[in-house]
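Here's protein-v4.txt, which has compact mmCIF, C-alpha atoms:
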# COMPACT_ATOMS: atom_id res chain seq x y z
CA MET A 1 183.77 68.01 58.93
CA ALA A 2 184.06 69.96 55.65
CA LEU A 3 183.19 73.59 54.97
CA VAL A 4 182.08 74.63 51.47
CA HIS A 5 182.04 78.12 49.97
CA ASP A 6 181.22 79.35 46.46
CA TRP A 7 184.41 81.29 45.62
CA LEU A 8 187.21 83.09 47.40
CA ASN A 9 188.14 86.13 45.34
CA GLN A 10 186.26 88.94 47.08
CA MET A 11 185.24 90.05 50.56
CA GLY A 12 181.65 90.51 51.65
CA GLY A 13 179.02 89.28 54.06
CA ALA A 14 179.39 85.67 52.90
CA GLU A 15 183.09 85.72 53.72
CA ASN A 16 182.37 87.14 57.18
CA VAL A 17 180.12 84.14 57.82
CA LEU A 18 182.81 81.77 56.51
CA GLU A 19 185.33 83.26 58.91
CA GLU A 20 182.96 82.46 61.79
CA PHE A 21 182.68 78.88 60.52
CA VAL A 22 186.47 78.52 60.39
CA ASP A 23 186.82 79.90 63.92
CA LEU A 24 184.11 77.57 65.20
CA PHE A 25 185.54 74.47 63.50
CA PRO A 26 189.34 74.87 63.43
CA GLY A 27 191.05 72.43 61.14
CA ALA A 28 188.02 71.79 58.96
CA PRO A 29 189.07 72.10 55.29
CA VAL A 30 187.40 74.73 53.14
CA TYR A 31 186.30 73.53 49.70
CA THR A 32 185.69 76.20 47.08
CA SER A 33 185.61 76.59 43.30
CA MET A 34 188.69 78.84 43.16
CA TYR A 35 190.83 80.98 45.44
CA GLY A 36 192.80 84.19 44.86
CA PRO A 37 195.19 84.59 47.82
CA ASP A 38 196.11 88.11 46.71
CA LYS A 39 192.46 89.19 46.93
CA MET A 40 191.75 87.81 50.39
CA PRO A 41 193.02 88.58 53.91
CA ASP A 42 196.42 87.18 54.80
CA SER A 43 194.82 85.06 57.55
CA TYR A 44 193.21 82.88 54.88
CA ARG A 45 196.67 81.56 53.96
CA ASN A 46 196.63 79.64 57.25
CA TRP A 47 193.48 77.74 56.26
CA THR A 48 193.33 74.40 54.49
CA ILE A 49 191.70 75.50 51.21
CA ARG A 50 190.96 72.98 48.47
CA THR A 51 189.88 74.15 45.04
CA THR A 52 188.36 72.57 41.92
CA PHE A 53 189.53 72.37 38.32
CA MET A 54 188.35 75.97 37.95
CA GLN A 55 191.47 77.15 39.77
CA ARG A 56 193.45 76.48 36.57
CA LEU A 57 191.19 78.56 34.29
CA PRO A 58 192.67 81.82 32.94
CA LEU A 59 191.78 84.97 34.91
CA VAL A 60 189.16 83.07 36.90
CA THR A 61 189.77 85.03 40.11
CA ASP A 62 189.37 88.31 38.23
CA ARG A 63 186.36 87.40 36.10
CA HIS A 64 184.62 84.60 37.93
CA GLN A 65 181.17 85.50 36.55
CA ALA A 66 182.33 84.74 33.01
CA TYR A 67 182.61 81.05 33.97
CA LEU A 68 179.02 80.79 35.20
CA PRO A 69 178.13 77.53 33.36
CA LEU A 70 181.06 75.64 34.93
CA TYR A 71 180.23 75.99 38.62
CA PRO A 72 177.72 73.10 38.76
CA ALA A 73 180.30 70.71 37.30
CA ALA A 74 183.01 72.03 39.63
CA PHE A 75 180.99 71.35 42.77
CA GLN A 76 179.25 68.20 41.54
CA THR A 77 182.65 66.59 41.01
CA THR A 78 183.74 67.57 44.53
CA ASP A 79 183.17 64.33 46.43
CA LEU A 80 182.72 64.91 50.16
CA SER A 81 180.86 61.70 50.89
CA GLY A 82 183.69 60.53 53.14
CA PHE A 83 183.05 63.27 55.68
CA ASN A 84 180.57 63.00 58.54
CA LEU A 85 179.24 66.56 58.21
CA ILE A 86 179.23 69.14 55.40
CA LEU A 87 178.38 72.77 56.13
CA SER A 88 177.96 74.79 52.93
CA ASN A 89 177.79 78.57 52.88
CA LYS A 90 175.74 79.17 49.78
CA SER A 91 174.61 82.02 47.59
CA GLY A 92 175.67 80.34 44.35
CA PHE A 93 176.26 76.68 43.52
CA CYS A 94 178.31 75.20 46.35
CA HIS A 95 175.35 73.25 47.77
CA GLY A 96 175.80 70.95 44.77
CA VAL A 97 178.81 69.07 46.21
CA THR A 98 178.50 65.30 46.20
CA SER A 99 177.56 64.07 49.67
CA ARG A 100 176.67 60.49 48.73
CA LYS A 101 178.80 57.97 46.87
CA GLY A 102 177.78 54.35 47.16
CA PRO A 103 177.09 53.49 50.81
CA ARG A 104 178.93 56.56 52.09
CA LYS A 105 176.74 59.54 52.99
CA ALA A 106 177.70 62.77 54.69
CA LEU A 107 175.10 64.88 56.47
CA HIS A 108 174.82 68.08 54.42
CA VAL A 109 173.60 71.28 56.11
CA CYS A 110 173.31 74.34 53.88
CA TYR A 111 173.57 77.79 55.42
CA CYS A 112 171.66 79.60 52.70
CA LEU A 113 172.43 83.27 52.19
CA THR A 114 169.91 83.17 49.34
CA PRO A 115 168.77 80.78 46.61
CA THR A 116 171.02 81.57 43.65
CA ARG A 117 169.94 85.12 42.90
CA PHE A 118 170.93 85.41 39.24
CA LEU A 119 168.95 82.23 38.48
CA TRP A 120 165.74 82.75 40.45
CA LEU A 121 165.60 86.56 40.71
CA TYR A 122 167.11 87.14 37.32
CA ASP A 123 165.06 90.20 36.37
CA GLN A 124 166.26 92.00 39.51
CA TYR A 125 169.83 90.84 38.84
CA ARG A 126 169.68 91.96 35.19
CA GLN A 127 168.60 95.44 36.24
CA ARG A 128 171.19 95.56 39.02
CA GLU A 129 174.08 94.54 36.73
CA GLN A 130 172.75 96.52 33.75
CA ILE A 131 172.76 93.50 31.42
CA GLY A 132 172.02 94.51 27.83
CA ARG A 133 169.36 93.03 25.54
CA LEU A 134 171.66 90.84 23.41
CA LEU A 135 173.42 89.31 26.41
CA ASP A 136 170.05 88.82 28.07
CA LEU A 137 168.76 86.83 25.08
CA ALA A 138 171.92 84.70 25.04
CA LEU A 139 171.76 83.99 28.77
CA ARG A 140 168.14 82.89 29.13
CA PRO A 141 168.42 79.32 27.67
CA MET A 142 171.49 78.61 29.80
CA LEU A 143 169.80 79.99 32.92
CA ALA A 144 166.85 77.67 32.38
CA LEU A 145 169.21 74.66 32.42
CA LEU A 146 171.04 75.97 35.48
CA ARG A 147 167.75 76.45 37.35
CA ARG A 148 166.89 72.79 36.82
CA TRP A 149 170.30 71.75 38.14
CA ASP A 150 170.08 74.14 41.08
CA TYR A 151 166.66 72.86 42.15
CA ALA A 152 167.79 69.22 41.90
CA ALA A 153 170.92 69.96 43.95
CA ALA A 154 168.79 71.62 46.64
CA GLN A 155 166.75 68.43 47.02
CA LYS A 156 169.90 66.51 48.01
CA VAL A 157 170.69 68.85 50.92
CA ASP A 158 169.61 67.33 54.24
CA TYR A 159 168.82 70.55 56.11
CA PHE A 160 168.60 74.23 55.22
CA ILE A 161 169.36 77.18 57.47
CA ALA A 162 168.10 80.59 56.29
CA ILE A 163 169.63 83.95 57.23
CA SER A 164 166.28 85.77 57.54
CA SER A 165 162.53 85.38 57.26
CA ALA A 166 162.68 86.70 53.70
CA VAL A 167 165.23 84.05 52.68
CA GLN A 168 163.29 81.35 54.53
CA GLU A 169 160.23 82.18 52.42
CA ARG A 170 162.36 82.17 49.26
CA ILE A 171 163.74 78.70 50.10
CA ARG A 172 160.20 77.45 50.59
CA THR A 173 158.90 79.01 47.36
CA ILE A 174 161.85 78.18 45.08
CA TYR A 175 163.20 74.90 46.49
CA ASP A 176 160.04 73.64 48.22
CA ARG A 177 162.13 73.05 51.35
CA ASP A 178 161.68 73.96 55.00
CA SER A 179 164.41 75.76 56.91
CA VAL A 180 165.27 77.21 60.28
CA ILE A 181 166.56 80.76 60.75
CA VAL A 182 170.00 81.63 62.11
CA HIS A 183 170.71 85.31 61.51
CA PRO A 184 174.26 86.23 60.38
CA PRO A 185 176.74 87.49 62.99
CA VAL A 186 177.21 91.17 63.77
CA ASP A 187 180.26 92.42 65.65
CA THR A 188 178.38 94.13 68.47
CA GLN A 189 181.54 94.35 70.58
CA ARG A 190 183.20 96.60 68.04
CA PHE A 191 180.06 98.63 67.30
CA SER A 192 179.48 99.76 70.86
CA PRO A 193 177.66 102.84 72.15
CA ASN A 194 179.46 105.83 73.62
CA PRO A 195 177.09 108.03 75.67
CA SER A 196 179.64 110.85 75.69
CA VAL A 197 179.26 111.31 71.92
CA PRO A 198 176.47 113.85 71.24
CA VAL A 199 173.88 113.27 68.54
CA GLY A 200 174.90 115.29 65.50
CA ASP A 201 172.89 117.12 62.86
CA TYR A 202 173.18 114.51 60.10
CA TYR A 203 171.68 111.28 58.81
CA LEU A 204 174.05 108.54 57.67
CA ILE A 205 174.36 105.91 54.93
CA VAL A 206 177.21 103.39 54.78
CA SER A 207 176.99 101.37 51.58
CA ARG A 208 178.54 100.32 48.32
CA LEU A 209 177.38 102.87 45.76
CA ILE A 210 175.77 100.58 43.21
CA PRO A 211 172.24 100.92 41.80
CA TYR A 212 170.38 98.23 43.74
CA LYS A 213 171.42 99.74 47.10
CA ARG A 214 168.97 102.59 46.22
CA VAL A 215 171.08 105.36 47.71
CA ASP A 216 169.47 107.48 44.98
CA LEU A 217 166.23 107.47 46.98
CA ALA A 218 167.95 109.23 49.87
CA VAL A 219 169.80 111.69 47.62
CA ARG A 220 166.52 112.66 45.93
CA ALA A 221 164.67 112.85 49.25
CA PHE A 222 167.24 115.31 50.61
CA GLN A 223 166.68 117.58 47.63
CA GLU A 224 163.36 118.34 49.35
CA LEU A 225 164.92 118.52 52.82
CA PRO A 226 167.29 121.50 52.50
CA HIS A 227 167.54 121.98 56.27
CA GLU A 228 168.66 118.36 56.87
CA ARG A 229 172.09 116.91 56.18
CA LEU A 230 173.10 113.50 54.80
CA ILE A 231 176.55 111.89 54.96
CA VAL A 232 177.20 109.02 52.54
CA VAL A 233 180.14 106.70 53.22
CA GLY A 234 181.15 104.28 50.46
CA SER A 235 182.24 104.05 46.86
CA GLY A 236 181.14 102.29 43.70
CA ARG A 237 180.24 102.77 40.07
CA ALA A 238 177.15 104.89 40.87
CA ARG A 239 179.05 107.51 42.87
CA SER A 240 179.52 110.07 40.11
CA ALA A 241 175.85 109.90 39.09
CA LEU A 242 174.76 110.28 42.71
CA GLU A 243 177.06 113.26 43.21
CA GLU A 244 175.55 114.97 40.15
CA LEU A 245 172.10 114.36 41.60
CA ALA A 246 172.91 115.59 45.11
CA GLY A 247 172.35 119.02 46.59
CA PRO A 248 174.81 120.86 48.86
CA ASN A 249 173.35 119.17 51.96
CA VAL A 250 174.63 115.71 50.87
CA SER A 251 178.29 114.89 51.53
CA PHE A 252 180.06 111.93 49.88
CA GLN A 253 183.08 110.80 51.92
CA GLY A 254 184.18 107.67 50.05
CA TRP A 255 185.30 104.61 51.98
CA GLN A 256 186.38 105.41 55.52
CA PRO A 257 188.37 103.40 58.07
CA GLY A 258 186.46 101.44 60.66
CA GLU A 259 187.05 103.92 63.48
CA ARG A 260 185.64 106.77 61.40
CA ILE A 261 182.54 104.74 60.50
CA LEU A 262 182.03 103.91 64.18
CA GLU A 263 182.36 107.60 65.07
CA LEU A 264 179.80 108.59 62.42
CA MET A 265 177.34 105.91 63.49
CA ARG A 266 177.51 106.94 67.14
CA GLY A 267 176.72 110.55 66.27
CA CYS A 268 174.07 110.26 63.54
CA LYS A 269 170.43 111.26 64.03
CA ALA A 270 169.46 108.00 62.33
CA PHE A 271 170.97 105.45 59.96
CA LEU A 272 169.21 105.23 56.57
CA PHE A 273 168.75 101.90 54.82
CA PRO A 274 166.78 102.45 51.60
CA GLY A 275 167.68 99.20 49.78
CA LEU A 276 166.17 95.72 49.86
CA GLU A 277 168.61 93.21 51.36
CA ASP A 278 168.40 89.55 52.34
CA PHE A 279 169.57 90.55 55.83
CA GLY A 280 171.50 93.83 56.10
CA ILE A 281 174.43 94.06 58.50
CA THR A 282 174.92 97.85 58.63
CA PRO A 283 171.53 98.73 60.20
CA VAL A 284 172.24 96.30 63.02
CA GLU A 285 175.71 97.81 63.46
CA ALA A 286 174.10 101.24 63.78
CA MET A 287 171.57 99.97 66.35
CA SER A 288 174.46 98.35 68.19
CA THR A 289 175.92 101.85 68.72
CA GLY A 290 172.55 102.96 70.12
CA ARG A 291 171.21 104.77 67.06
CA PRO A 292 167.82 104.19 65.38
CA VAL A 293 167.29 103.17 61.76
CA ILE A 294 164.93 104.34 59.01
CA ALA A 295 164.62 101.43 56.57
CA PHE A 296 162.56 100.24 53.64
CA ARG A 297 159.97 97.79 54.91
CA GLY A 298 161.15 94.58 53.29
CA GLY A 299 163.80 91.86 53.31
CA GLY A 300 166.00 91.37 56.33
CA ALA A 301 165.06 94.72 57.89
CA LEU A 302 161.73 93.13 58.86
CA ASP A 303 163.69 90.86 61.22
CA THR A 304 165.93 93.54 62.71
CA VAL A 305 164.13 96.90 63.00
CA ILE A 306 161.29 97.34 65.52
CA PRO A 307 159.06 100.27 64.45
CA GLY A 308 158.55 102.80 67.20
CA LYS A 309 161.37 101.34 69.31
CA THR A 310 164.55 100.97 67.26
CA GLY A 311 163.54 102.88 64.15
CA GLU A 312 160.88 103.29 61.50
CA PHE A 313 159.92 101.85 58.11
CA PHE A 314 158.87 103.52 54.88
CA VAL A 315 156.55 101.39 52.77
CA LEU A 316 157.35 102.22 49.14
CA GLN A 317 160.81 102.64 47.64
CA THR A 318 160.22 106.22 46.52
CA PRO A 319 161.98 109.47 47.49
CA GLU A 320 158.64 110.86 48.67
CA GLN A 321 158.05 108.02 51.11
CA LEU A 322 161.54 108.30 52.55
CA ARG A 323 161.24 112.10 52.78
CA LYS A 324 157.99 111.78 54.75
CA ALA A 325 159.59 109.26 57.11
CA ILE A 326 162.44 111.70 57.80
CA GLU A 327 160.07 114.64 58.24
CA ASN A 328 158.05 112.65 60.81
CA PHE A 329 161.13 111.31 62.56
CA ASP A 330 161.65 112.38 66.18
CA VAL A 331 165.28 111.83 67.09
CA HIS A 332 164.45 111.84 70.81
CA ALA A 333 161.79 109.12 70.62
CA TYR A 334 164.19 106.14 70.63
CA ASP A 335 165.99 104.73 73.64
CA PRO A 336 169.62 103.94 72.77
CA THR A 337 169.50 101.04 75.23
CA GLU A 338 166.60 99.45 73.35
CA CYS A 339 168.49 99.85 70.07
CA ARG A 340 171.55 98.22 71.61
CA ASN A 341 169.53 95.37 73.15
CA GLN A 342 167.90 94.61 69.81
CA ALA A 343 171.30 94.50 68.11
CA GLU A 344 172.60 92.06 70.71
CA ARG A 345 170.12 89.49 69.38
CA PHE A 346 172.34 89.31 66.29
CA SER A 347 175.73 89.20 68.00
CA ARG A 348 178.51 86.79 67.07
CA GLU A 349 177.87 84.92 70.30
CA SER A 350 174.16 84.52 69.50
CA PHE A 351 175.00 83.33 66.00
CA ARG A 352 177.45 80.70 67.24
CA ARG A 353 175.14 79.45 69.96
CA ARG A 354 172.15 79.14 67.61
CA LEU A 355 174.20 77.52 64.83
CA LEU A 356 175.67 74.90 67.15
CA GLU A 357 172.21 74.16 68.57
CA CYS A 358 170.85 73.56 65.06
CA LEU A 359 173.78 71.40 63.97
CA GLY A 360 173.51 69.34 67.16
CA GLU A 361 169.82 68.79 66.55
CA PHE A 362 170.34 67.81 62.92
CA VAL A 363 173.13 65.35 63.74
CA THR A 364 171.08 63.56 66.41
CA ARG A 365 167.88 63.22 64.39

Rewritten as structure tokens:
Amino acid sequence: MALVHDWLNQMGGAENVLEEFVDLFPGAPVYTSMYGPDKMPDSYRNWTIRTTFMQRLPLVTDRHQAYLPLYPAAFQTTDLSGFNLILSNKSGFCHGVTSRKGPRKALHVCYCLTPTRFLWLYDQYRQREQIGRLLDLALRPMLALLRRWDYAAAQKVDYFIAISSAVQERIRTIYDRDSVIVHPPVDTQRFSPNPSVPVGDYYLIVSRLIPYKRVDLAVRAFQELPHERLIVVGSGRARSALEELAGPNVSFQGWQPGERILELMRGCKAFLFPGLEDFGITPVEAMSTGRPVIAFRGGGALDTVIPGKTGEFFVLQTPEQLRKAIENFDVHAYDPTECRNQAERFSRESFRRRLLECLGEFVTR
């Protein structure tokens, strides 16, 4: 068996999934475009990691986006046809590895975090990364070529697994492929409830502070909620702008250690999730501690939040809609046990069981 991952130079949700794969299939080599050991946990040094020619490119682990046109070639020249099973963990180009060479054919299952966002949802990505007009004009012809390659590579995958209903629909629309859903793992053992912790007087956000996370919606909403309090945990390039926008009832605490985040989640009135995400781990972590969630009605939150039982939705991404949801929110209307039970559906154990069931079914077809 071979595991495939886009790049190993930063930590995020994709890397959490990869760690589960490595634990599930010890000894399976990890193929990736490039790897920066100094940027990853020390435990990764115990893995068998195999890179492509991109590993030798200057500053590639610091500026991997600058080498965008080279990823298709890097993975296409990675021949894994000699393996029995390939499991790729894709948000970029790693599903393009070669699984057939002559009579040899490996079964390729792609765990799809999303079809390549900066190709197929480029307008959203351009706004998120604040790409200027000149760079935009230069990128568009190249992106058109990469989209053709990406679509063709997706047709060579044997089976797709989607992380949410939203991604499943995207796979169908963009790649014209069916998929099954296996939600990403959430550490529900760590994010446990503590009935002795009283509910505090604050709402909570835990997020990177970058524009597409839409923390600005909450900051603006609380301008009109002077008697409510919001705590924001996280850092990022948008922090200074958000702090300028915020009133005295919004507190920015930067990144906090895990124990502090757990403490804040256990005591919040509700966890706020104003962005649009493919899945969204943090709302499930909050529910796992027994607390409800107020989320934008879209993306992965549609799979995780049950209105009236584990939280509420607001329909439009506007400060007014979020403010109304908070004004109508009754902190006593949600059973912590129901929140916890819903979160357990997305536990690491559930993820592993469902993934192994799918792989077993694919292998025996």

Self-check item: From A:Leu18, A:Arg56, A:Asn341, A:Val180, residue lying nearest Glu361 in chain A [all atoms listed in the file]
Solution: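 Ranking A:Leu18, A:Arg56, A:Asn341, A:Val180 by distance to Glu361 in chain A, first place goes to A:Val180.
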
Extract, using all atoms listed in the file, all DNA, RNA and protein residues at most 10 Å from Val197 in chain A, discarding same-chain residues fewer than 2 positions from it, and format them as a PDB file with C-alpha atoms, in the coordinates of the input.
ATOM      1  CA  PRO A 193     177.660 102.840  72.150  1.00  0.00           C
ATOM      2  CA  ASN A 194     179.460 105.830  73.620  1.00  0.00           C
ATOM      3  CA  PRO A 195     177.090 108.030  75.670  1.00  0.00           C
ATOM      4  CA  VAL A 199     173.880 113.270  68.540  1.00  0.00           C
ATOM      5  CA  GLY A 200     174.900 115.290  65.500  1.00  0.00           C
ATOM      6  CA  GLU A 263     182.360 107.600  65.070  1.00  0.00           C
ATOM      7  CA  LEU A 264     179.800 108.590  62.420  1.00  0.00           C
ATOM      8  CA  ARG A 266     177.510 106.940  67.140  1.00  0.00           C
ATOM      9  CA  GLY A 267     176.720 110.550  66.270  1.00  0.00           C
ATOM     10  CA  CYS A 268     174.070 110.260  63.540  1.00  0.00           C
TER      11      CYS A 268
END

Exercise. Check the smallest atom-to-atom distance from each of A:Ile163, A:Val232, A:Met265, A:Ile210 to Phe346 in chain A using only C-alpha atoms, then report the winner.
Key: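 Distance minimum relative to Phe346 in chain A lands on A:Ile163.
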
Could you list as a JSON list (two decimals) with C-alpha atoms, keeping the file's coordinate frame every residue that has an atom within 12 Å of (172.9, 110.0, 58.3), using the file's coordinates and counting only C-alpha atoms?
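Writing done, so here's result_13.json:
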[["chain", "number", "residue", "atom", "x", "y", "z"],
["A", 199, "VAL", "CA", 173.88, 113.27, 68.54],
["A", 200, "GLY", "CA", 174.90, 115.29, 65.50],
["A", 201, "ASP", "CA", 172.89, 117.12, 62.86],
["A", 202, "TYR", "CA", 173.18, 114.51, 60.10],
["A", 203, "TYR", "CA", 171.68, 111.28, 58.81],
["A", 204, "LEU", "CA", 174.05, 108.54, 57.67],
["A", 205, "ILE", "CA", 174.36, 105.91, 54.93],
["A", 206, "VAL", "CA", 177.21, 103.39, 54.78],
["A", 207, "SER", "CA", 176.99, 101.37, 51.58],
["A", 215, "VAL", "CA", 171.08, 105.36, 47.71],
["A", 218, "ALA", "CA", 167.95, 109.23, 49.87],
["A", 219, "VAL", "CA", 169.80, 111.69, 47.62],
["A", 222, "PHE", "CA", 167.24, 115.31, 50.61],
["A", 228, "GLU", "CA", 168.66, 118.36, 56.87],
["A", 229, "ARG", "CA", 172.09, 116.91, 56.18],
["A", 230, "LEU", "CA", 173.10, 113.50, 54.80],
["A", 231, "ILE", "CA", 176.55, 111.89, 54.96],
["A", 232, "VAL", "CA", 177.20, 109.02, 52.54],
["A", 233, "VAL", "CA", 180.14, 106.70, 53.22],
["A", 249, "ASN", "CA", 173.35, 119.17, 51.96],
["A", 250, "VAL", "CA", 174.63, 115.71, 50.87],
["A", 251, "SER", "CA", 178.29, 114.89, 51.53],
["A", 252, "PHE", "CA", 180.06, 111.93, 49.88],
["A", 261, "ILE", "CA", 182.54, 104.74, 60.50],
["A", 263, "GLU", "CA", 182.36, 107.60, 65.07],
["A", 264, "LEU", "CA", 179.80, 108.59, 62.42],
["A", 265, "MET", "CA", 177.34, 105.91, 63.49],
["A", 266, "ARG", "CA", 177.51, 106.94, 67.14],
["A", 267, "GLY", "CA", 176.72, 110.55, 66.27],
["A", 268, "CYS", "CA", 174.07, 110.26, 63.54],
["A", 269, "LYS", "CA", 170.43, 111.26, 64.03],
["A", 270, "ALA", "CA", 169.46, 108.00, 62.33],
["A", 271, "PHE", "CA", 170.97, 105.45, 59.96],
["A", 272, "LEU", "CA", 169.21, 105.23, 56.57],
["A", 273, "PHE", "CA", 168.75, 101.90, 54.82],
["A", 274, "PRO", "CA", 166.78, 102.45, 51.60],
["A", 283, "PRO", "CA", 171.53, 98.73, 60.20],
["A", 286, "ALA", "CA", 174.10, 101.24, 63.78],
["A", 291, "ARG", "CA", 171.21, 104.77, 67.06],
["A", 292, "PRO", "CA", 167.82, 104.19, 65.38],
["A", 293, "VAL", "CA", 167.29, 103.17, 61.76],
["A", 294, "ILE", "CA", 164.93, 104.34, 59.01],
["A", 326, "ILE", "CA", 162.44, 111.70, 57.80],
["A", 331, "VAL", "CA", 165.28, 111.83, 67.09]]

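A straight line drawn from CA of Pro72 in chain A to CA of Leu3 in chain A is 17.1 Å long.
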
Practice problem: One decimal, Å: what's the distance from CA of Gln55 in chain A over to CA of Lys39 in chain A, could you say? | Solution: 14.0 Å

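Between Gln10 in chain A and the residues A:Ile181, A:Val22, A:Leu80, A:Met40, the shortest atom-to-atom distance, using only C-alpha atoms, involves A:Met40.
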
Practice problem: Tell me which protein, DNA and RNA residues are within 12 Å of His95 in chain A, counting all atoms listed in the file, leaving out same-chain ones fewer than 3 positions away, and put them as a ChimeraX atom specification. | Solution: /A:3-6,31-33,71-80,86-92,98-99,108-116,149-160

Residues just named, written with C-alpha atoms as a compact mmCIF listing (two decimals), keeping the file's coordinate frame:
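Below is the file result_37.txt, written as the result:
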# COMPACT_ATOMS: atom_id res chain seq x y z
CA LEU A 3 183.19 73.59 54.97
CA VAL A 4 182.08 74.63 51.47
CA HIS A 5 182.04 78.12 49.97
CA ASP A 6 181.22 79.35 46.46
CA TYR A 31 186.30 73.53 49.70
CA THR A 32 185.69 76.20 47.08
CA SER A 33 185.61 76.59 43.30
CA TYR A 71 180.23 75.99 38.62
CA PRO A 72 177.72 73.10 38.76
CA ALA A 73 180.30 70.71 37.30
CA ALA A 74 183.01 72.03 39.63
CA PHE A 75 180.99 71.35 42.77
CA GLN A 76 179.25 68.20 41.54
CA THR A 77 182.65 66.59 41.01
CA THR A 78 183.74 67.57 44.53
CA ASP A 79 183.17 64.33 46.43
CA LEU A 80 182.72 64.91 50.16
CA ILE A 86 179.23 69.14 55.40
CA LEU A 87 178.38 72.77 56.13
CA SER A 88 177.96 74.79 52.93
CA ASN A 89 177.79 78.57 52.88
CA LYS A 90 175.74 79.17 49.78
CA SER A 91 174.61 82.02 47.59
CA GLY A 92 175.67 80.34 44.35
CA THR A 98 178.50 65.30 46.20
CA SER A 99 177.56 64.07 49.67
CA HIS A 108 174.82 68.08 54.42
CA VAL A 109 173.60 71.28 56.11
CA CYS A 110 173.31 74.34 53.88
CA TYR A 111 173.57 77.79 55.42
CA CYS A 112 171.66 79.60 52.70
CA LEU A 113 172.43 83.27 52.19
CA THR A 114 169.91 83.17 49.34
CA PRO A 115 168.77 80.78 46.61
CA THR A 116 171.02 81.57 43.65
CA TRP A 149 170.30 71.75 38.14
CA ASP A 150 170.08 74.14 41.08
CA TYR A 151 166.66 72.86 42.15
CA ALA A 152 167.79 69.22 41.90
CA ALA A 153 170.92 69.96 43.95
CA ALA A 154 168.79 71.62 46.64
CA GLN A 155 166.75 68.43 47.02
CA LYS A 156 169.90 66.51 48.01
CA VAL A 157 170.69 68.85 50.92
CA ASP A 158 169.61 67.33 54.24
CA TYR A 159 168.82 70.55 56.11
CA PHE A 160 168.60 74.23 55.22

Residues of range 160-218 of chain A within 12 Å of range 300-304 of chain A: nearest atom pair and distance (Å, one decimal) for each, counting all atoms listed in the file, sorted by chain and number, as CSV?
residue,atom,partner,partner_atom,distance
A:Ala162,CA,A:Gly300,CA,11.0
A:Ile163,CA,A:Gly300,CA,8.3
A:Ser164,CA,A:Gly300,CA,5.7
A:Ser165,CA,A:Asp303,CA,6.9
A:Ala166,CA,A:Gly300,CA,6.3
A:Val167,CA,A:Gly300,CA,8.2
A:Gln168,CA,A:Gly300,CA,10.5
A:Glu169,CA,A:Gly300,CA,11.5
A:Ile181,CA,A:Asp303,CA,10.5
A:Val182,CA,A:Asp303,CA,11.2
A:His183,CA,A:Asp303,CA,9.0
A:Pro184,CA,A:Gly300,CA,10.5
A:Val186,CA,A:Thr304,CA,11.6

Self-check item: Distance in Å - CA of Leu355 in chain A versus CA of Arg117 in chain A
Solution: 23.6 Å

Quiz item: Smallest atom-to-atom distance to Leu70 in chain A: which of A:Asp330, A:Phe53, A:Ser288, A:Leu359, using only C-alpha atoms?
Solution: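 Using only C-alpha atoms, Leu70 in chain A sits closest to A:Phe53.
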
Self-check item: Residues near Lys105 in chain A, cut-off 8 Å, only C-alpha atoms, skip fewer than 3 positions along chain, as a ChimeraX atom specification
Solution: /A:81-84,99-102

Practice problem: Could you tell me which of A:Leu225, A:Arg63, A:Gly36, A:Leu85 comes closest to Met1 in chain A if we count only C-alpha atoms? | Solution: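 Of A:Leu225, A:Arg63, A:Gly36, A:Leu85, the one nearest Met1 in chain A is A:Leu85, counting only C-alpha atoms.
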
Self-check item: Residue nearest Thr364 in chain A - candidates A:Ala325, A:Leu107, A:Leu316, A:Leu119, atoms counted: all atoms listed in the file
Solution: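 Closest candidate: A:Leu107.
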
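For Glu320 in chain A, the set of protein, DNA and RNA residues having any atom at most 9 Å away, when counting all atoms listed in the file and skipping those fewer than 4 positions along the same chain, is Leu217, Arg220, Ala221, Glu224, Leu316, Lys324 and Ala325 of chain A.
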
Quiz item: Around (187.6, 86.9, 44.3) in the file's own coordinates, what residues are found within 10 Å if you use all atoms listed in the file, given back as a PyMOL selection string?
Solution: chain A and resi 7-11+34-40+60-64
